[in-house]
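File shown here: upload-v4.txt, holding compact mmCIF, C-alpha atoms.
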```
# COMPACT_ATOMS: atom_id res chain seq x y z
CA MET A 1 0.00 0.00 0.00
CA LEU A 2 1.32 3.42 -0.95
CA GLU A 3 1.82 5.68 2.07
CA THR A 4 1.46 9.41 1.89
CA ILE A 5 2.39 12.42 3.96
CA ARG A 6 0.39 15.58 4.51
CA LEU A 7 1.85 18.99 3.82
CA VAL A 8 0.85 22.63 3.72
CA SER A 9 1.91 24.82 0.81
CA GLU A 10 3.99 27.81 1.88
CA THR A 11 2.74 29.65 -1.21
CA THR A 12 -1.02 29.12 -1.00
CA GLY A 13 -1.62 27.74 2.51
CA LYS A 14 -3.49 24.76 1.05
CA SER A 15 -3.26 21.15 2.18
CA ILE A 16 -1.27 18.80 -0.06
CA ARG A 17 -0.88 15.04 -0.12
CA ALA A 18 2.43 13.63 -1.37
CA LEU A 19 3.76 10.10 -1.81
CA LYS A 20 6.12 9.23 1.01
CA GLY A 21 8.31 6.75 -0.85
CA GLU A 22 11.89 6.59 0.42
CA THR A 23 12.20 10.29 1.12
CA GLY A 24 12.61 9.92 4.88
CA VAL A 25 11.04 13.32 5.56
CA VAL A 26 9.30 13.94 8.87
CA ALA A 27 6.90 16.51 10.30
CA GLY A 28 8.45 19.96 10.28
CA ASP A 29 10.64 19.42 7.20
CA LEU A 30 10.48 21.87 4.31
CA VAL A 31 10.36 20.17 0.90
CA LEU A 32 9.90 20.91 -2.78
CA VAL A 33 6.89 19.18 -4.33
CA GLU A 34 5.65 18.97 -7.91
CA SER A 35 3.12 21.58 -8.97
CA GLU A 36 1.64 22.99 -12.16
CA LEU A 37 4.30 25.71 -11.96
CA GLY A 38 7.17 23.25 -11.78
CA ALA A 39 7.71 23.22 -8.02
CA ASP A 40 6.15 24.44 -4.78
CA LEU A 41 7.52 24.88 -1.28
CA ALA A 42 5.64 22.97 1.44
CA THR A 43 5.97 22.02 5.11
CA VAL A 44 5.36 18.45 6.26
CA ILE A 45 2.68 18.41 8.98
CA ASP A 46 1.88 14.67 9.22
CA ASP A 47 4.03 11.68 8.28
CA SER A 48 2.72 8.81 10.38
CA SER A 49 -0.96 9.11 11.34
CA GLU A 50 -3.71 6.73 10.27
CA VAL A 51 -4.75 9.20 7.57
CA CYS A 52 -1.40 8.70 5.83
CA ARG A 53 -2.06 4.95 5.57
CA HIS A 54 -5.64 5.23 4.31
CA PRO A 55 -6.03 3.22 1.07
CA TYR A 56 -7.45 6.24 -0.76
CA SER A 57 -4.90 8.79 0.46
CA ALA A 58 -2.64 8.27 -2.58
CA ARG A 59 -5.31 9.50 -4.98
CA GLY A 60 -4.16 12.80 -6.44
CA ALA A 61 -0.96 12.75 -4.37
CA VAL A 62 2.04 14.60 -5.82
CA GLN A 63 5.71 13.64 -5.85
CA ILE A 64 8.31 15.09 -3.51
CA ILE A 65 11.25 16.50 -5.47
CA ARG A 66 13.69 16.93 -2.58
CA ARG A 67 14.21 18.56 0.78
CA ALA A 68 14.31 22.33 0.42
CA THR A 69 17.72 23.99 0.61
CA GLU A 70 18.64 27.51 1.69
CA ASP A 71 18.94 28.42 -1.99
CA ASP A 72 15.38 27.15 -2.57
CA LEU A 73 14.06 29.31 0.28
CA ARG A 74 15.81 32.39 -1.09
CA LYS A 75 14.49 31.68 -4.58
CA PHE A 76 10.87 31.37 -3.44
CA THR A 77 11.17 34.64 -1.52
CA TRP A 78 12.61 36.25 -4.66
CA LEU A 79 9.81 34.81 -6.82
CA ARG A 80 7.11 36.19 -4.51
CA ASP A 81 8.74 39.65 -4.69
CA ARG A 82 8.89 39.46 -8.49
CA GLU A 83 5.22 38.42 -8.64
CA GLN A 84 4.20 41.44 -6.55
CA GLN A 85 6.19 43.77 -8.80
CA ALA A 86 4.64 42.19 -11.90
CA PHE A 87 1.16 42.51 -10.36
CA ALA A 88 1.67 46.25 -9.74
CA PHE A 89 3.04 46.81 -13.25
CA CYS A 90 0.20 44.87 -14.88
CA GLN A 91 -2.42 46.82 -12.93
CA GLN A 92 -0.82 50.06 -14.10
CA ARG A 93 -0.89 48.97 -17.75
CA ILE A 94 -4.51 47.76 -17.46
CA LYS A 95 -5.47 51.22 -16.22
CA VAL A 96 -3.49 53.00 -18.95
CA ARG A 97 -5.07 50.90 -21.70
CA GLY A 98 -8.54 51.14 -20.16
CA LEU A 99 -9.20 47.41 -20.18
CA PRO A 100 -12.42 46.22 -18.41
CA MET A 101 -10.73 43.47 -16.41
CA LYS A 102 -9.69 42.79 -12.82
CA LEU A 103 -6.28 41.31 -12.09
CA VAL A 104 -6.50 38.59 -9.44
CA ARG A 105 -3.04 37.06 -9.06
CA VAL A 106 0.33 36.63 -10.76
CA ARG A 107 2.25 33.36 -10.52
CA TYR A 108 5.76 32.70 -11.85
CA PHE A 109 7.03 29.31 -12.93
CA PHE A 110 9.88 27.93 -10.82
CA ASN A 111 12.21 28.08 -13.85
CA GLU A 112 11.38 31.81 -14.29
CA LYS A 113 10.56 31.33 -17.98
CA LYS A 114 6.83 32.00 -17.80
CA GLY A 115 4.32 33.99 -15.80
CA ILE A 116 0.56 33.42 -15.53
CA PHE A 117 -1.68 36.44 -14.99
CA PHE A 118 -5.10 35.46 -13.63
CA TYR A 119 -7.96 37.90 -14.17
CA THR A 120 -11.74 38.18 -14.12
CA ALA A 121 -13.87 39.95 -16.71
CA ASP A 122 -17.48 40.00 -17.88
CA GLY A 123 -16.57 38.99 -21.43
CA ARG A 124 -13.70 38.51 -23.85
CA ILE A 125 -10.81 40.98 -23.58
CA ASP A 126 -8.42 42.03 -26.33
CA PHE A 127 -5.24 42.06 -24.25
CA ARG A 128 -2.71 41.67 -27.07
CA GLN A 129 -1.11 45.06 -26.42
CA LEU A 130 -1.09 44.37 -22.69
CA VAL A 131 0.78 41.11 -23.27
CA LYS A 132 3.35 42.98 -25.38
CA ASP A 133 3.82 45.48 -22.54
CA LEU A 134 4.33 42.69 -20.02
CA ALA A 135 6.68 40.63 -22.19
CA LYS A 136 8.85 43.69 -22.94
CA GLU A 137 9.09 44.66 -19.27
CA LEU A 138 9.36 41.22 -17.66
CA ARG A 139 11.26 39.39 -20.44
CA MET A 140 9.41 36.11 -20.16
CA ARG A 141 6.51 34.23 -21.74
CA ILE A 142 3.16 35.65 -20.65
CA GLU A 143 -0.10 33.75 -20.27
CA MET A 144 -3.34 35.58 -19.52
CA ARG A 145 -5.83 33.22 -17.89
CA GLN A 146 -9.44 34.25 -17.28
CA VAL A 147 -11.08 32.79 -14.17
CA GLY A 148 -14.52 32.97 -12.59
CA VAL A 149 -15.52 34.56 -9.29
CA ARG A 150 -15.36 31.20 -7.49
CA ASP A 151 -11.79 30.72 -8.70
CA GLU A 152 -10.98 34.25 -7.54
CA ALA A 153 -12.16 33.41 -4.02
CA LYS A 154 -10.17 30.17 -4.14
CA MET A 155 -6.97 32.06 -4.99
CA ILE A 156 -7.36 34.99 -2.61
CA GLY A 157 -9.01 33.22 0.33
CA GLY A 158 -10.92 34.69 3.25
CA LEU A 159 -13.26 33.71 6.07
CA GLY A 160 -16.72 32.25 5.57
CA VAL A 161 -19.82 32.97 7.67
CA CYS A 162 -18.79 30.00 9.83
CA GLY A 163 -15.63 31.85 10.86
CA ARG A 164 -13.32 29.34 9.18
CA ARG A 165 -11.16 29.65 6.08
CA LEU A 166 -13.04 29.28 2.82
CA CYS A 167 -13.33 25.59 1.89
CA CYS A 168 -12.20 26.30 -1.67
CA HIS A 169 -9.05 27.99 -0.40
CA ALA A 170 -8.29 25.53 2.37
CA PHE A 171 -8.70 22.08 0.82
CA MET A 172 -11.00 21.84 -2.21
CA ARG A 173 -9.34 20.81 -5.47
CA ASN A 174 -12.35 21.05 -7.77
CA PHE A 175 -15.69 22.82 -7.61
CA GLU A 176 -18.85 20.73 -7.48
CA PRO A 177 -22.19 22.00 -8.85
CA VAL A 178 -24.28 23.68 -6.13
CA THR A 179 -27.95 24.38 -6.82
CA ILE A 180 -30.75 26.05 -4.89
CA GLN A 181 -32.47 22.64 -4.74
CA LYS A 182 -29.75 21.45 -2.36
CA ALA A 183 -30.68 24.22 0.07
CA ARG A 184 -34.40 23.46 -0.26
CA LYS A 185 -33.84 19.75 0.45
CA GLN A 186 -32.11 20.74 3.69
CA GLN A 187 -35.06 23.00 4.59
CA ILE A 188 -32.85 26.07 4.71
CA VAL A 189 -34.50 29.48 4.50
CA ILE A 190 -33.75 30.76 0.99
CA ASN A 191 -32.07 34.04 1.93
CA PRO A 192 -29.33 35.00 -0.57
CA THR A 193 -27.27 36.74 2.12
CA LYS A 194 -27.28 33.56 4.24
CA ILE A 195 -26.54 30.93 1.62
CA SER A 196 -24.08 32.83 -0.59
CA GLY A 197 -20.33 32.81 -0.12
CA LEU A 198 -17.84 35.67 -0.51
CA CYS A 199 -17.80 34.99 -4.26
CA GLY A 200 -21.51 35.75 -4.50
CA ARG A 201 -22.33 32.18 -5.51
CA LEU A 202 -24.08 29.50 -3.43
CA MET A 203 -21.84 28.23 -0.64
CA CYS A 204 -19.92 25.05 -1.47
CA CYS A 205 -20.75 23.56 1.94
CA LEU A 206 -24.38 23.18 0.85
CA ALA A 207 -23.15 20.30 -1.29
CA PHE A 208 -21.27 18.79 1.66
CA GLU A 209 -24.41 18.85 3.82
CA GLU A 210 -26.54 17.39 1.05
CA GLN A 211 -24.19 14.41 0.76
CA THR A 212 -24.99 13.36 4.34
CA ARG A 213 -28.74 13.71 3.94
CA GLY A 214 -30.56 10.40 4.14
CA ARG A 215 -28.09 8.76 6.48
CA MET A 216 -29.30 7.88 9.95
CA TYR A 217 -28.63 5.47 12.77
CA SER A 218 -31.22 2.86 13.73
CA GLY A 219 -31.52 2.72 17.51
CA ASP A 220 -28.31 1.61 19.21
CA GLU A 221 -27.19 -0.57 16.33
CA ASN A 222 -23.78 0.03 14.80
CA PHE A 223 -24.85 0.20 11.20
CA MET A 224 -26.10 2.97 8.99
CA ILE A 225 -29.19 2.94 6.81
CA GLU A 226 -29.35 4.70 3.44
CA ASP A 227 -32.76 5.82 2.20
```

Is it possible to give me this structure as structure tokens?
Amino acid sequence: MLETIRLVSETTGKSIRALKGETGVVAGDLVLVESELGADLATVIDDSSEVCRHPYSARGAVQIIRRATEDDLRKFTWLRDREQQAFAFCQQRIKVRGLPMKLVRVRYFFNEKKGIFFYTADGRIDFRQLVKDLAKELRMRIEMRQVGVRDEAKMIGGLGVCGRRLCCHAFMRNFEPVTIQKARKQQIVINPTKISGLCGRLMCCLAFEEQTRGRMYSGDENFMIED
């Protein structure tokens, strides 16, 4: 059975599962793990609990590249500074060119050869001149990626009405469809201010609650009945 370890990304604060293999890392270690940007810096928070040995824990788990070095730590700090500078420059050029778009986040690849600029907009945007501005200033490949309001909340994060970190920012990998019917089935008062998240869409946790509906215990017996 493949064992995993649990980590927290130093970049996004999200939970990550990685294959343990022969790495020998323990809780508290800083490591580099595979990511869509080439590599991410993460801290090991659990290397031996029952969760790590669960048969389904390896699903979607990433690979550990190596233990992080001092050079890796300095590089990630440098990358975050460069991303902030690129964000400020891009915002300035968006304003100059009068583009109807909102910049959400800038992420650099670990190899420094490409940057992704995430934005929201009501429709299609002609950002060809903006890309030329960015490429000339930053001297790298530029990708403009349009995202929805739910993705924006997932990237930026925040606190929900429950007082906890947004589910999408904390642990969710993919969004599941959430409909008003899920709220009605749970006999929740249909008040938009009560059942909407920071993104303005229906709260993701309505789907979590709906999944448990129909399960109940019968007396003192130790089995569960599905209706």

Please check which residues have atoms at most 6 Å from (-9.1, 33.5, -17.2) in the file's coordinates, counting all atoms listed in the file, and write them as a tab-separated table (two decimals) with C-alpha atoms, in the coordinates of the input.
```
chain	number	residue	atom	x	y	z
A	118	PHE	CA	-5.10	35.46	-13.63
A	119	TYR	CA	-7.96	37.90	-14.17
A	145	ARG	CA	-5.83	33.22	-17.89
A	146	GLN	CA	-9.44	34.25	-17.28
A	147	VAL	CA	-11.08	32.79	-14.17
```

Using only C-alpha atoms, can you list as a PDB file with C-alpha atoms, keeping the file's coordinate frame the residues within 12 Å of (17.2, 23.3, -4.9)?
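What follows is the written file selection12.pdb:
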```
ATOM      1  CA  LEU A  30      10.480  21.870   4.310  1.00  0.00           C
ATOM      2  CA  VAL A  31      10.360  20.170   0.900  1.00  0.00           C
ATOM      3  CA  LEU A  32       9.900  20.910  -2.780  1.00  0.00           C
ATOM      4  CA  VAL A  33       6.890  19.180  -4.330  1.00  0.00           C
ATOM      5  CA  ALA A  39       7.710  23.220  -8.020  1.00  0.00           C
ATOM      6  CA  ASP A  40       6.150  24.440  -4.780  1.00  0.00           C
ATOM      7  CA  LEU A  41       7.520  24.880  -1.280  1.00  0.00           C
ATOM      8  CA  ILE A  65      11.250  16.500  -5.470  1.00  0.00           C
ATOM      9  CA  ARG A  66      13.690  16.930  -2.580  1.00  0.00           C
ATOM     10  CA  ARG A  67      14.210  18.560   0.780  1.00  0.00           C
ATOM     11  CA  ALA A  68      14.310  22.330   0.420  1.00  0.00           C
ATOM     12  CA  THR A  69      17.720  23.990   0.610  1.00  0.00           C
ATOM     13  CA  GLU A  70      18.640  27.510   1.690  1.00  0.00           C
ATOM     14  CA  ASP A  71      18.940  28.420  -1.990  1.00  0.00           C
ATOM     15  CA  ASP A  72      15.380  27.150  -2.570  1.00  0.00           C
ATOM     16  CA  LEU A  73      14.060  29.310   0.280  1.00  0.00           C
ATOM     17  CA  ARG A  74      15.810  32.390  -1.090  1.00  0.00           C
ATOM     18  CA  LYS A  75      14.490  31.680  -4.580  1.00  0.00           C
ATOM     19  CA  PHE A  76      10.870  31.370  -3.440  1.00  0.00           C
ATOM     20  CA  PHE A 110       9.880  27.930 -10.820  1.00  0.00           C
ATOM     21  CA  ASN A 111      12.210  28.080 -13.850  1.00  0.00           C
TER      22      ASN A 111
END
```

### Task
Figure out the distance between CA of Phe175 in chain A and CA of Ile45 in chain A, please, to one decimal in Å.
25.1 Å

#### Entry: One-decimal distance in Å that lies between CA of Val149 in chain A and CA of Gly200 in chain A
7.8 Å

### From A:Cys162, A:Cys167, A:Ile116, A:Ile5, residue lying nearest Leu138 in chain A [only C-alpha atoms]
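Smallest distance to Leu138 in chain A is found for A:Ile116.
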
#### Entry: Minimum-distance residue to Asp126 in chain A, chosen among A:Phe109, A:Gln92, A:Gln85, A:Arg97 (using all atoms listed in the file)
A:Arg97

### Task
Compare A:Lys154, A:Lys114, A:Arg128, A:Arg164 by their minimum atom-to-atom distance to Arg141 in chain A, counting all atoms listed in the file, and give me the closest one.
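So, comparing all the options, the nearest one is A:Lys114.
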
### Query
Could you name the residues that touch Phe208 in chain A at 12 Å or less, counting all atoms listed in the file, but leaving out those on the same chain fewer than 4 positions away, as a list in words?
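Here the qualifying residues turn out to be Cys167, Met172, Phe175, Glu176, Pro177, Val178, Lys182, Ala183, Gln186, Met203, Cys204, Thr212 and Arg213 of chain A.
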
### Message
Please report the interatomic distance between CA of Gly24 in chain A and CA of Gly60 in chain A in Å with one decimal.
### Response
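Atom-to-atom, CA of Gly24 in chain A to CA of Gly60 in chain A, that is 20.4 Å.
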
### Task
Write out as a list of chain:residue names which residues come within 8 Å of Leu103 in chain A when counting only C-alpha atoms, dropping same-chain ones fewer than 2 positions away.
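Counting only the stated atoms, we get A:Phe87, A:Cys90, A:Gln91, A:Met101, A:Arg105, A:Phe117, A:Phe118, A:Tyr119, A:Thr120.
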
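Considering the residues A:Asp47, A:Gly197, A:Ala207, A:Ile125 and counting all atoms listed in the file, Gly158 in chain A has its shortest atom-to-atom contact with A:Gly197.
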
Around range 76-81 of chain A, with edges along x, y and z and 4 Å added on all six sides, what centre and edge lengths do you get, in Å to one decimal, as AutoDock Vina command-line options?
```
--center_x 9.9 --center_y 35.5 --center_z -4.2 --size_x 13.5 --size_y 16.3 --size_z 13.3
```
